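A.B. asks: Would you mind keeping the following structure in view while I ask a few things?
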Amino acid sequence: MTSATLTRVEMAQRVAADIPTGAFVNLGIGIPTTVSNFLTAEQEVTRHTENGMLGMGPEAIGDEIDPDLINAGKIPVTELPGCSYFHHADSFAMMRGGHLDIAVLGAFQVSEKGDLANWHTGAPDAIPAVGGAMDLAVGAKDVFVMMELATKQGDSKLVASLTYPATGLQCVTRIYTEVAIFQIDPNVGVTVTEMFGPTTMARLIELTGLALIDGTK
Amino acid sequence: MTSATLTRVEMAQRVAADIPTGAFVNLGIGIPTTVSNFLTAEQEVTRHTENGMLGMGPEAIGDEIDPDLINAGKIPVTELPGCSYFHHADSFAMMRGGHLDIAVLGAFQVSEKGDLANWHTGAPDAIPAVGGAMDLAVGAKDVFVMMELATKQGDSKLVASLTYPATGLQCVTRIYTEVAIFQIDPNVGVTVTEMFGPTTMARLIELTGLALIDGTK
Amino acid sequence: MPSKIFDSVDESLADVFDGATVMIGGFGLAGQPQELIDGLIRRGSTDLTIVNNNAGNGEVGLALLIKSGFVKKIICSFPRQSDSYIFDEAYRAGKIELEVVPQGNLAERIRAAGAGIGGFFTPTGYGTLLAEGKETRTIDGNNYVLESPIHADFSLIKAYHADPLGNLVYRKTARNFGPIMATAAKTTIVQVSGVVGVGELDPEAVITPGIFVNRIVEVAS
Amino acid sequence: MPSKIFDSVDESLADVFDGATVMIGGFGLAGQPQELIDGLIRRGSTDLTIVNNNAGNGEVGLALLIKSGFVKKIICSFPRQSDSYIFDEAYRAGKIELEVVPQGNLAERIRAAGAGIGGFFTPTGYGTLLAEGKETRTIDGNNYVLESPIHADFSLIKAYHADPLGNLVYRKTARNFGPIMATAAKTTIVQVSGVVGVGELDPEAVITPGIFVNRIVEVAS
């Protein structure tokens with residue numbers, strides 16, 4: 001247990017530290033992208049971007065910017081030695097076929113079964129737009145979610161069942177929040193593996209309303 | 001009408017002459033392969049080999065032989081300028097997707113609906129082996145068959161319905177034989193478009209037992 | 001054989017017809033055939049069904065095509081973007097139909113069309129709004145949705161170099177949808193930065209073989 | 001990260017187990033991983049299911065593997081060839097199971113496994129003996145057969161060059177089944193003519209990205 005809850009930067013550091021050596025990862029748009037800032041060269045992690053590249057390097061700066069070389073967030077990026085390019089069908093086949101080790105994604109909600117909601121608010125007037133979210137959800141061997149545990153209104157985003165439209169079912173294996181890390185196994189339940197700051201199991205169970213398993217000991 | 005029935009070489013010449021300028025073709029193993037001997041440079045025909053190449057050149061001779069460059073019959077071949085290589089799934093996708101203009105194949109039998117039998121004698125002890133025959137049958141926009149019209153026993157190989165196991169249904173569009181050329185349209189029937197030697201419509205109708213349409217006039 | 005190389009964008013698009021389904025390559029600006037899209041706007045064909053990853057930004061390109069009222073329906077994965085207000089307004093006004101497809105299913109459906117596949121079972125989208133009404137099946141304990149191919153009348157794509165036979169190479173992530181869209185259309189029209197001689201492209205590195213390409217227009221990059 | 005480069009064929013095959021499904025690349029001799037097949041014979045695992053285009057010739061390679069009694073079942077498109085007498089005898093004696101698959105369906109089934117597709121409708125084989133007992137469907141007036149993915153425990157393939165990350169390039173028609181088999185196995189083992197440095201392969205011309213490759217053995221060619 002650390003003395004305070006995690007900042008977003010610390011969450012990204014935690015996720016980065018938990019990525020195994022040699023892993024192939026896809027870091028989703030937004031906060032998950034910041035995980036790359038904390039991956040070390042020794043980890044030899046290879047980044048995939050679903051618009052057709054393995055071995056993606058850091059964001060391009062200045063003269064490095066090439067409009068033909070962007071990531072899934074449409075940000076100019078760079079090549080690393082040993083990178084490769086492929087077309088969209090091959091890129092998503094790579095994902096859907098289970099070849100990526102880890103996808104790191106944001107979420108509106110995650111259910112105790114690992115169902116993920118991160119593509120659609122469910123608002124009746126919202127224009128639906130999914131991009132690669134559903135492919136990422138079902139494709140990687142492990143899906144790590146990074147999110148605040150509660151909404152601004154104080155409702156838990158880790159829930160018994162989704163109230164937002166699903167992105168994928170039983171796909172999330174781990175959730176990183178500012179107060180705790182959760183491991184999800186649909187056959188076992190949700191295990192709290194680590195808590196930060198003044199967090200307690202009692203407080204997490206109260207907030208989520210779930211029969212959480214204490215795995216911190 | 002020519003004065004004599006066609007030799008195999010003349011059949012190959014006829015097929016070659018009928019291939020449109022700029023066509024992409026797959027010439028099957030055996031007699032169909034000989035069609036390439038009569039394609040002219042002006043025809044600008046591109047040859048596909050299903051083991052992963054477009055722009056295949058003639059058979060390799062002497063020093064040209066490279067064990068990594070073979071055709072579907074496993075014969076060493078050569079490259080032509082502008083050729084390209086691709087893997088087996090892409091190669092058969094190209095075929096199945098209807099991108100090839102013409103496949104030229106041999107046959108045991110063709111039905112009046114254009115059903116093709118060319119992979120299996122139906123003998124009970126035969127070991128089944130299909131290779132790319134079924135893919136070629138359904139893939140190309142037009143399938144030309146080259147065969148003798150009758151078996152050695154004198155039975156027509158153009159039949160009302162196949163007695164040999166089918167390779168593909170309603171796929172053959174034209175049959176080149178030593179005595180006549182037949183055009184097949186499942187909605188219209190079988191039209192004799194040309195006869196060679198002493199062949200007559202009456203004789204063809206008698207041999208095949210089919211209501212052939214005379215398209216030679 | 002008539003040359004595949006066209007002198008102008010407008011000639012290359014002269015037979016695009018009202019009601020056509022047109023695939024447009026690109027992911028963001030990378031691989032977007034800007035000049036061909038501008039040509040499509042000049043061409044003025046109406047009731048188009050457009051297949052693209054997005055639905056346009058700002059008031060140029062695909063957004064302008066929509067603003068011009070030429071698009072009946074769009075099939076894409078991500079219509080809602082910064083500056084996609086032209087699409088948003090047309091959609092909210094009921095002037096344009098939208099079919100949202102998960103990006104990987106979109107790519108696989110385009111590939112299936114080019115590969116002669118009649119349909120395929122994909123895990124992506126199972127149990128979501130985007131699979132509603134679609135056939136599902138459990139195979140070896142995993143859940144799948146049946147998806148169908150998307151065929152096009154025309155594909156408009158951007159490549160890096162072409163040879164006169166239509167062999168193409170792309171550049172970096174600008175490759176994206178180009179190679180699969182080239183296979184899925186009756187007529188594939190490619191804008192390239194340069195045309196090289198026959199034999200100048202490495203046969204091992206050709207990404208789109210010429211069989212898939214009907215027309216090439218060189219556009220200064 | 002442990003190196004993907006193995007010093008010997010035998011080490012690279014040390015965990016092949018009895019009952020494994022093993023894909024073997026090659027079409028004829030082109031792309032056939034001869035040394036890996038020899039290693040598989042030395043390894044001596046039994047009850048193997050082999051996926052290959054053919055069923056071996058003469059008394060070497062795959063034919064010898066069959067002769068050794070290590071193969072329970074073979075999935076291929078064309079078992080009957082000149083000099084395929086070892087397979088022929090084993091088959092007629094009921095010692096080996098045979099699943100004959102049209103070559104394009106074989107390739108697409110391997111690709112489907114690598115691409116996470118649960119099944120697909122193909123026109124190839126419809127109405128033939130090879131579709132007997134399989135689900136069929138008419139889609140837009142065309143007839144299709146439902147085919148399923150073929151997954152493997154190991155793929156043994158041959159490429160031209162690899163880099164230490166496992167990126168591969170192939171040579172001419174020796175490419176054939178290699179790239180798709182690399183995607184369909186839990187463990188992909190590649191024999192190459194040479195290993196080059198990281199960054200020496202053109203990223204535009206890499207055919208198999210390293211993510212699909214687990215082990216590399218350099219074999220003098």
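Numbering starts fresh at 1 for the residues of each chain in the structure tokens, the chains themselves are lettered A, B, ... in the order given, and ligands are numbered from 1 as they appear.
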Can you check the Cα RMSD once chain A has been least-squares fitted onto chain B over every paired atom, in order?

C.D. replies: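 Result: 0.0 Å C-alpha RMSD.
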
A.B. asks: As a PyMOL selection string, could you give me every residue of chain D near chain A (at most 12 Å apart, counting only C-alpha atoms)?

C.D. replies: chain D and resi 1-4+110-118+149+151+162-169+179-180+182-187+196-214

A.B. asks: Mind writing the picked residues with C-alpha atoms as a PDB file, in the first residue's frame?

C.D. replies:
ATOM      1  CA  MET D   1      13.756 -11.090 -23.296  1.00  0.00           C
ATOM      2  CA  PRO D   2      15.040 -14.540 -24.290  1.00  0.00           C
ATOM      3  CA  SER D   3      16.461 -14.562 -27.794  1.00  0.00           C
ATOM      4  CA  LYS D   4      14.307 -15.930 -30.595  1.00  0.00           C
ATOM      5  CA  ILE D 110      -5.210 -21.329 -41.946  1.00  0.00           C
ATOM      6  CA  ARG D 111      -5.564 -17.571 -42.359  1.00  0.00           C
ATOM      7  CA  ALA D 112      -8.888 -17.638 -40.469  1.00  0.00           C
ATOM      8  CA  ALA D 113      -7.204 -19.312 -37.509  1.00  0.00           C
ATOM      9  CA  GLY D 114      -4.547 -16.618 -37.400  1.00  0.00           C
ATOM     10  CA  ALA D 115      -7.108 -13.855 -37.867  1.00  0.00           C
ATOM     11  CA  GLY D 116      -9.531 -14.952 -35.138  1.00  0.00           C
ATOM     12  CA  ILE D 117     -12.315 -15.749 -37.597  1.00  0.00           C
ATOM     13  CA  GLY D 118     -14.651 -18.489 -36.338  1.00  0.00           C
ATOM     14  CA  PRO D 149     -10.321 -22.369 -39.044  1.00  0.00           C
ATOM     15  CA  HIS D 151      -5.267 -23.969 -35.632  1.00  0.00           C
ATOM     16  CA  ALA D 162      14.957 -12.966 -40.446  1.00  0.00           C
ATOM     17  CA  ASP D 163      16.010 -10.272 -38.047  1.00  0.00           C
ATOM     18  CA  PRO D 164      16.384 -11.054 -34.330  1.00  0.00           C
ATOM     19  CA  LEU D 165      12.869  -9.697 -33.696  1.00  0.00           C
ATOM     20  CA  GLY D 166      11.448 -12.390 -35.962  1.00  0.00           C
ATOM     21  CA  ASN D 167      10.571 -10.179 -38.909  1.00  0.00           C
ATOM     22  CA  LEU D 168      10.705 -12.309 -42.045  1.00  0.00           C
ATOM     23  CA  VAL D 169      11.116 -11.936 -45.769  1.00  0.00           C
ATOM     24  CA  PRO D 179       3.122 -16.200 -43.847  1.00  0.00           C
ATOM     25  CA  ILE D 180      -0.286 -17.657 -43.013  1.00  0.00           C
ATOM     26  CA  ALA D 182       3.126 -18.301 -39.023  1.00  0.00           C
ATOM     27  CA  THR D 183      -0.106 -16.693 -37.804  1.00  0.00           C
ATOM     28  CA  ALA D 184      -2.020 -19.896 -37.064  1.00  0.00           C
ATOM     29  CA  ALA D 185       0.199 -21.682 -34.550  1.00  0.00           C
ATOM     30  CA  LYS D 186       0.828 -21.212 -30.862  1.00  0.00           C
ATOM     31  CA  THR D 187       4.543 -21.597 -31.607  1.00  0.00           C
ATOM     32  CA  VAL D 196      20.303  -9.918 -40.487  1.00  0.00           C
ATOM     33  CA  GLY D 197      20.525  -7.098 -37.970  1.00  0.00           C
ATOM     34  CA  VAL D 198      17.550  -5.272 -36.487  1.00  0.00           C
ATOM     35  CA  GLY D 199      16.654  -2.469 -38.871  1.00  0.00           C
ATOM     36  CA  GLU D 200      18.202  -4.132 -41.918  1.00  0.00           C
ATOM     37  CA  LEU D 201      14.877  -5.327 -43.320  1.00  0.00           C
ATOM     38  CA  ASP D 202      12.835  -2.676 -45.123  1.00  0.00           C
ATOM     39  CA  PRO D 203       9.732  -2.110 -42.925  1.00  0.00           C
ATOM     40  CA  GLU D 204       7.656  -1.767 -46.111  1.00  0.00           C
ATOM     41  CA  ALA D 205       8.805  -5.185 -47.341  1.00  0.00           C
ATOM     42  CA  VAL D 206       8.551  -7.251 -44.161  1.00  0.00           C
ATOM     43  CA  ILE D 207       6.090 -10.030 -45.001  1.00  0.00           C
ATOM     44  CA  THR D 208       5.784 -11.668 -41.594  1.00  0.00           C
ATOM     45  CA  PRO D 209       6.044  -9.251 -38.661  1.00  0.00           C
ATOM     46  CA  GLY D 210       8.020 -10.602 -35.729  1.00  0.00           C
ATOM     47  CA  ILE D 211       4.947 -10.895 -33.521  1.00  0.00           C
ATOM     48  CA  PHE D 212       4.142 -14.154 -35.306  1.00  0.00           C
ATOM     49  CA  VAL D 213       7.562 -15.730 -34.923  1.00  0.00           C
ATOM     50  CA  ASN D 214       8.797 -17.493 -31.808  1.00  0.00           C
TER      51      ASN D 214
END

A.B. asks: Which residues, written as a PyMOL selection string, have at least one atom at most 7 Å from segment 16-32 of chain D, with only C-alpha atoms counted and residues fewer than 2 positions away on the same chain left out?

C.D. replies: (chain B and resi 67-68+74) or (chain D and resi 13-14+34+45-53+152-158+173-178+181)

A.B. asks: Based on the backbone DSSP call, show me all residues of segment 26-193 of chain B assigned alpha helix (DSSP H), as a PyMOL selection string.

C.D. replies: chain B and resi 88-96+133-139

A.B. asks: Hey, what does DSSP flag as strand (DSSP E or B) within chain C? Can you give it to me as a count of residues only?

C.D. replies: 67

A.B. asks: So that I can check the surroundings of Leu136 of chain A, please list as an mmCIF file with N, CA and C atoms, in the first residue's frame every protein, DNA and RNA residue that reaches within 12 Å of it, counting only C-alpha atoms and ignoring chain neighbours fewer than 6 positions away.

C.D. replies:
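Here's the written file part-v3.cif:
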data_model
loop_
_atom_site.group_PDB
_atom_site.id
_atom_site.type_symbol
_atom_site.label_atom_id
_atom_site.label_comp_id
_atom_site.auth_asym_id
_atom_site.auth_seq_id
_atom_site.Cartn_x
_atom_site.Cartn_y
_atom_site.Cartn_z
ATOM 1 N N VAL A 25 2.097 -4.729 -27.331
ATOM 2 C CA VAL A 25 0.985 -4.026 -26.693
ATOM 3 C C VAL A 25 0.358 -3.002 -27.633
ATOM 4 N N ASN A 26 -0.924 -2.758 -27.390
ATOM 5 C CA ASN A 26 -1.624 -1.664 -28.051
ATOM 6 C C ASN A 26 -2.119 -0.744 -26.956
ATOM 7 N N LEU A 27 -1.659 0.494 -26.999
ATOM 8 C CA LEU A 27 -2.056 1.478 -25.993
ATOM 9 C C LEU A 27 -3.128 2.365 -26.606
ATOM 10 N N GLY A 28 -4.318 2.336 -26.017
ATOM 11 C CA GLY A 28 -5.451 3.073 -26.576
ATOM 12 C C GLY A 28 -5.234 4.579 -26.559
ATOM 13 N N ILE A 29 -6.106 5.238 -27.270
ATOM 14 C CA ILE A 29 -6.054 6.696 -27.377
ATOM 15 C C ILE A 29 -6.337 7.316 -26.004
ATOM 16 N N HIS A 48 2.012 -1.738 -31.019
ATOM 17 C CA HIS A 48 1.191 -1.921 -32.228
ATOM 18 C C HIS A 48 0.272 -0.721 -32.350
ATOM 19 N N THR A 49 0.103 -0.227 -33.556
ATOM 20 C CA THR A 49 -0.965 0.740 -33.784
ATOM 21 C C THR A 49 -1.858 0.167 -34.865
ATOM 22 N N GLU A 50 -3.166 0.180 -34.613
ATOM 23 C CA GLU A 50 -4.079 -0.604 -35.443
ATOM 24 C C GLU A 50 -4.208 -0.062 -36.866
ATOM 25 N N ALA A 72 -3.025 5.629 -34.116
ATOM 26 C CA ALA A 72 -4.482 5.491 -34.196
ATOM 27 C C ALA A 72 -5.205 6.756 -33.750
ATOM 28 N N SER A 91 -3.752 -5.849 -39.989
ATOM 29 C CA SER A 91 -3.547 -5.268 -38.666
ATOM 30 C C SER A 91 -4.622 -5.730 -37.687
ATOM 31 N N PHE A 92 -5.865 -5.728 -38.143
ATOM 32 C CA PHE A 92 -6.945 -6.155 -37.248
ATOM 33 C C PHE A 92 -6.999 -7.676 -37.129
ATOM 34 N N ALA A 93 -6.509 -8.387 -38.130
ATOM 35 C CA ALA A 93 -6.385 -9.847 -38.009
ATOM 36 C C ALA A 93 -5.385 -10.176 -36.910
ATOM 37 N N MET A 94 -4.314 -9.407 -36.851
ATOM 38 C CA MET A 94 -3.293 -9.573 -35.811
ATOM 39 C C MET A 94 -3.930 -9.399 -34.429
ATOM 40 N N MET A 95 -4.805 -8.407 -34.322
ATOM 41 C CA MET A 95 -5.461 -8.125 -33.052
ATOM 42 C C MET A 95 -6.498 -9.196 -32.744
ATOM 43 N N ARG A 96 -7.399 -9.407 -33.693
ATOM 44 C CA ARG A 96 -8.521 -10.339 -33.480
ATOM 45 C C ARG A 96 -8.030 -11.767 -33.261
ATOM 46 N N GLY A 97 -6.899 -12.075 -33.880
ATOM 47 C CA GLY A 97 -6.342 -13.425 -33.768
ATOM 48 C C GLY A 97 -5.652 -13.689 -32.436
ATOM 49 N N GLY A 98 -5.630 -12.696 -31.556
ATOM 50 C CA GLY A 98 -5.085 -12.927 -30.220
ATOM 51 C C GLY A 98 -3.573 -12.875 -30.133
ATOM 52 N N HIS A 99 -2.945 -12.174 -31.044
ATOM 53 C CA HIS A 99 -1.484 -12.154 -31.058
ATOM 54 C C HIS A 99 -0.892 -11.069 -30.167
ATOM 55 N N LEU A 100 -1.677 -10.027 -29.898
ATOM 56 C CA LEU A 100 -1.187 -8.978 -29.001
ATOM 57 C C LEU A 100 -1.308 -9.464 -27.558
ATOM 58 N N ASP A 101 -0.319 -9.153 -26.761
ATOM 59 C CA ASP A 101 -0.357 -9.595 -25.377
ATOM 60 C C ASP A 101 -1.307 -8.740 -24.542
ATOM 61 N N ILE A 102 -1.231 -7.443 -24.729
ATOM 62 C CA ILE A 102 -1.981 -6.546 -23.852
ATOM 63 C C ILE A 102 -2.512 -5.354 -24.631
ATOM 64 N N ALA A 103 -3.771 -5.031 -24.403
ATOM 65 C CA ALA A 103 -4.314 -3.745 -24.833
ATOM 66 C C ALA A 103 -4.636 -2.954 -23.571
ATOM 67 N N VAL A 104 -4.266 -1.690 -23.566
ATOM 68 C CA VAL A 104 -4.577 -0.819 -22.428
ATOM 69 C C VAL A 104 -5.613 0.186 -22.902
ATOM 70 N N LEU A 105 -6.753 0.232 -22.228
ATOM 71 C CA LEU A 105 -7.878 1.043 -22.693
ATOM 72 C C LEU A 105 -8.462 1.871 -21.560
ATOM 73 N N GLY A 106 -9.135 2.918 -21.919
ATOM 74 C CA GLY A 106 -9.955 3.660 -20.974
ATOM 75 C C GLY A 106 -11.339 3.029 -20.904
ATOM 76 N N LEU A 116 -16.878 -4.632 -20.856
ATOM 77 C CA LEU A 116 -16.316 -3.286 -20.991
ATOM 78 C C LEU A 116 -17.289 -2.357 -21.709
ATOM 79 N N ASN A 118 -16.905 1.430 -23.274
ATOM 80 C CA ASN A 118 -16.051 2.612 -23.458
ATOM 81 C C ASN A 118 -16.263 3.301 -24.791
ATOM 82 N N TRP A 119 -17.365 2.957 -25.478
ATOM 83 C CA TRP A 119 -17.500 3.534 -26.825
ATOM 84 C C TRP A 119 -18.686 4.457 -26.973
ATOM 85 N N VAL A 130 -17.463 4.000 -33.194
ATOM 86 C CA VAL A 130 -16.800 2.955 -32.426
ATOM 87 C C VAL A 130 -15.303 2.845 -32.722
ATOM 88 N N ASP A 142 -4.779 -9.987 -22.940
ATOM 89 C CA ASP A 142 -5.200 -9.306 -21.711
ATOM 90 C C ASP A 142 -5.609 -7.884 -22.038
ATOM 91 N N VAL A 143 -6.721 -7.454 -21.444
ATOM 92 C CA VAL A 143 -7.134 -6.061 -21.585
ATOM 93 C C VAL A 143 -7.015 -5.409 -20.216
ATOM 94 N N PHE A 144 -6.158 -4.398 -20.151
ATOM 95 C CA PHE A 144 -6.005 -3.615 -18.927
ATOM 96 C C PHE A 144 -6.815 -2.328 -19.108
ATOM 97 N N VAL A 145 -7.607 -1.993 -18.114
ATOM 98 C CA VAL A 145 -8.346 -0.738 -18.161
ATOM 99 C C VAL A 145 -7.725 0.236 -17.173
ATOM 100 N N THR A 167 -18.926 -2.573 -25.067
ATOM 101 C CA THR A 167 -17.927 -2.606 -26.145
ATOM 102 C C THR A 167 -17.534 -4.060 -26.425
ATOM 103 N N GLY A 168 -17.429 -4.837 -25.355
ATOM 104 C CA GLY A 168 -17.107 -6.253 -25.474
ATOM 105 C C GLY A 168 -17.448 -6.940 -24.169
ATOM 106 N N LEU A 169 -17.692 -8.245 -24.226
ATOM 107 C CA LEU A 169 -18.084 -8.995 -23.043
ATOM 108 C C LEU A 169 -16.904 -9.801 -22.504
ATOM 109 N N CYS A 171 -14.008 -9.325 -21.312
ATOM 110 C CA CYS A 171 -12.726 -9.093 -21.970
ATOM 111 C C CYS A 171 -11.697 -8.423 -21.060
ATOM 112 N N VAL A 172 -12.138 -7.678 -20.055
ATOM 113 C CA VAL A 172 -11.185 -6.951 -19.202
ATOM 114 C C VAL A 172 -10.604 -7.906 -18.176
ATOM 115 N N PRO C 102 -17.507 -1.744 -36.521
ATOM 116 C CA PRO C 102 -16.196 -1.777 -35.854
ATOM 117 C C PRO C 102 -15.078 -1.826 -36.894
ATOM 118 N N GLN C 103 -14.020 -1.103 -36.633
ATOM 119 C CA GLN C 103 -12.997 -0.878 -37.656
ATOM 120 C C GLN C 103 -12.410 -2.169 -38.234
ATOM 121 N N GLY C 104 -12.198 -3.142 -37.371
ATOM 122 C CA GLY C 104 -11.644 -4.402 -37.855
ATOM 123 C C GLY C 104 -12.663 -5.201 -38.664
ATOM 124 N N ASN C 105 -13.925 -5.120 -38.272
ATOM 125 C CA ASN C 105 -14.957 -5.776 -39.075
ATOM 126 C C ASN C 105 -15.098 -5.077 -40.420
ATOM 127 N N PRO C 123 -15.638 -12.364 -33.746
ATOM 128 C CA PRO C 123 -15.976 -12.141 -32.342
ATOM 129 C C PRO C 123 -16.266 -10.671 -32.031
ATOM 130 N N THR C 124 -15.776 -9.785 -32.903
ATOM 131 C CA THR C 124 -15.864 -8.355 -32.616
ATOM 132 C C THR C 124 -17.311 -7.875 -32.720
ATOM 133 N N GLY C 125 -17.763 -7.224 -31.679
ATOM 134 C CA GLY C 125 -19.109 -6.663 -31.669
ATOM 135 C C GLY C 125 -20.137 -7.571 -31.034
#

A.B. asks: I'd like the contact shell of Ala16 of chain B - 7 Å cut-off, only C-alpha atoms, skipping same-chain residues fewer than 5 positions apart - returned as a PyMOL selection string.

C.D. replies: chain B and resi 35+38-39

A.B. asks: Store the residues picked out above in a file with N, CA and C atoms, as a CSV table (one decimal), in the first residue's frame.

C.D. replies:
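Result file is out.csv:
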chain,number,residue,atom,x,y,z
B,35,VAL,N,-0.9,-23.6,-73.8
B,35,VAL,CA,-1.5,-22.4,-74.4
B,35,VAL,C,-0.5,-21.3,-74.3
B,38,PHE,N,1.6,-20.0,-77.3
B,38,PHE,CA,1.0,-19.4,-78.4
B,38,PHE,C,0.4,-18.0,-78.1
B,39,LEU,N,0.7,-17.5,-76.8
B,39,LEU,CA,0.3,-16.2,-76.5
B,39,LEU,C,1.3,-15.2,-77.1

A.B. asks: Hey, what's within 10 Å of segment 54-62 of chain D if we count only C-alpha atoms and toss same-chain stuff fewer than 4 positions away? As a ChimeraX atom specification, please?

C.D. replies: /B:129,131 /D:24-29,32-41,50,66-68,71,74-88,98,100,103

A.B. asks: Any chance you could export the current selection's C-alpha atoms as a JSON list (two decimals), in the first residue's frame?

C.D. replies:
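Full text of result04.json as output:
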[["chain", "number", "residue", "atom", "x", "y", "z"],
["B", 129, "ALA", "CA", -6.49, -35.31, -54.23],
["B", 131, "GLY", "CA", -5.15, -29.38, -55.20],
["D", 24, "ILE", "CA", 4.60, -27.53, -42.32],
["D", 25, "GLY", "CA", 5.16, -24.89, -44.98],
["D", 26, "GLY", "CA", 6.10, -25.36, -48.59],
["D", 27, "PHE", "CA", 4.59, -26.12, -51.95],
["D", 28, "GLY", "CA", 6.64, -28.84, -53.56],
["D", 29, "LEU", "CA", 10.22, -28.22, -52.49],
["D", 32, "GLN", "CA", 9.76, -26.64, -47.55],
["D", 33, "PRO", "CA", 11.59, -26.48, -44.20],
["D", 34, "GLN", "CA", 13.65, -29.59, -44.87],
["D", 35, "GLU", "CA", 15.92, -29.34, -41.85],
["D", 36, "LEU", "CA", 13.02, -28.73, -39.48],
["D", 37, "ILE", "CA", 11.20, -31.78, -40.85],
["D", 38, "ASP", "CA", 14.33, -33.85, -40.32],
["D", 39, "GLY", "CA", 14.46, -32.49, -36.78],
["D", 40, "LEU", "CA", 10.82, -33.43, -36.24],
["D", 41, "ILE", "CA", 11.68, -37.01, -37.25],
["D", 50, "ILE", "CA", 0.21, -32.64, -40.02],
["D", 66, "ILE", "CA", 4.84, -40.84, -42.20],
["D", 67, "LYS", "CA", 6.92, -43.96, -42.73],
["D", 68, "SER", "CA", 8.21, -43.62, -39.18],
["D", 71, "VAL", "CA", 1.61, -39.16, -38.22],
["D", 74, "ILE", "CA", -2.82, -35.41, -42.48],
["D", 75, "ILE", "CA", -4.76, -32.37, -43.66],
["D", 76, "CYS", "CA", -3.73, -31.43, -47.19],
["D", 77, "SER", "CA", -4.99, -30.60, -50.66],
["D", 78, "PHE", "CA", -3.03, -33.04, -52.80],
["D", 79, "PRO", "CA", -1.73, -36.25, -51.21],
["D", 80, "ARG", "CA", -1.46, -38.22, -54.46],
["D", 81, "GLN", "CA", 1.73, -37.34, -56.28],
["D", 82, "SER", "CA", 4.57, -38.99, -58.09],
["D", 83, "ASP", "CA", 6.44, -41.04, -55.53],
["D", 84, "SER", "CA", 3.89, -40.56, -52.78],
["D", 85, "TYR", "CA", 3.84, -44.32, -52.26],
["D", 86, "ILE", "CA", 4.63, -44.13, -48.57],
["D", 87, "PHE", "CA", 1.52, -42.08, -47.90],
["D", 88, "ASP", "CA", -0.49, -44.20, -50.33],
["D", 98, "LEU", "CA", -6.72, -38.06, -44.44],
["D", 100, "VAL", "CA", -8.52, -33.46, -48.23],
["D", 103, "GLN", "CA", -6.06, -25.68, -51.69]]

A.B. asks: One number please: atom CA of Glu10 of chain B to atom CA of Gly132 of chain B, in Å, one decimal.

C.D. replies: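 For atom CA of Glu10 of chain B relative to atom CA of Gly132 of chain B, the distance reads 26.4 Å.
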
A.B. asks: Which residues come within 9 Å of segment 177-182 of chain B, counting only C-alpha atoms, excluding same-chain residues fewer than 5 positions away, as a list in words?

C.D. replies: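 In the requested form, the answer reads Ala4, Thr5, Leu6, Thr7, Arg8, Glu10, Met11, Val145, Met146, Met147, Glu148, Leu149, Val190, Thr191, Val192, Thr193, Glu194, Met195, Phe196, Gly197, Pro198, Thr199 and Leu204 of chain B.
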
A.B. asks: Let me make sure I understand: among D:His161, D:Glu147, D:Arg137, D:Thr122, which one has the smallest atom-to-atom distance to chain C if we use only C-alpha atoms?

C.D. replies: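 For chain C, the nearest of the candidates is D:Thr122.
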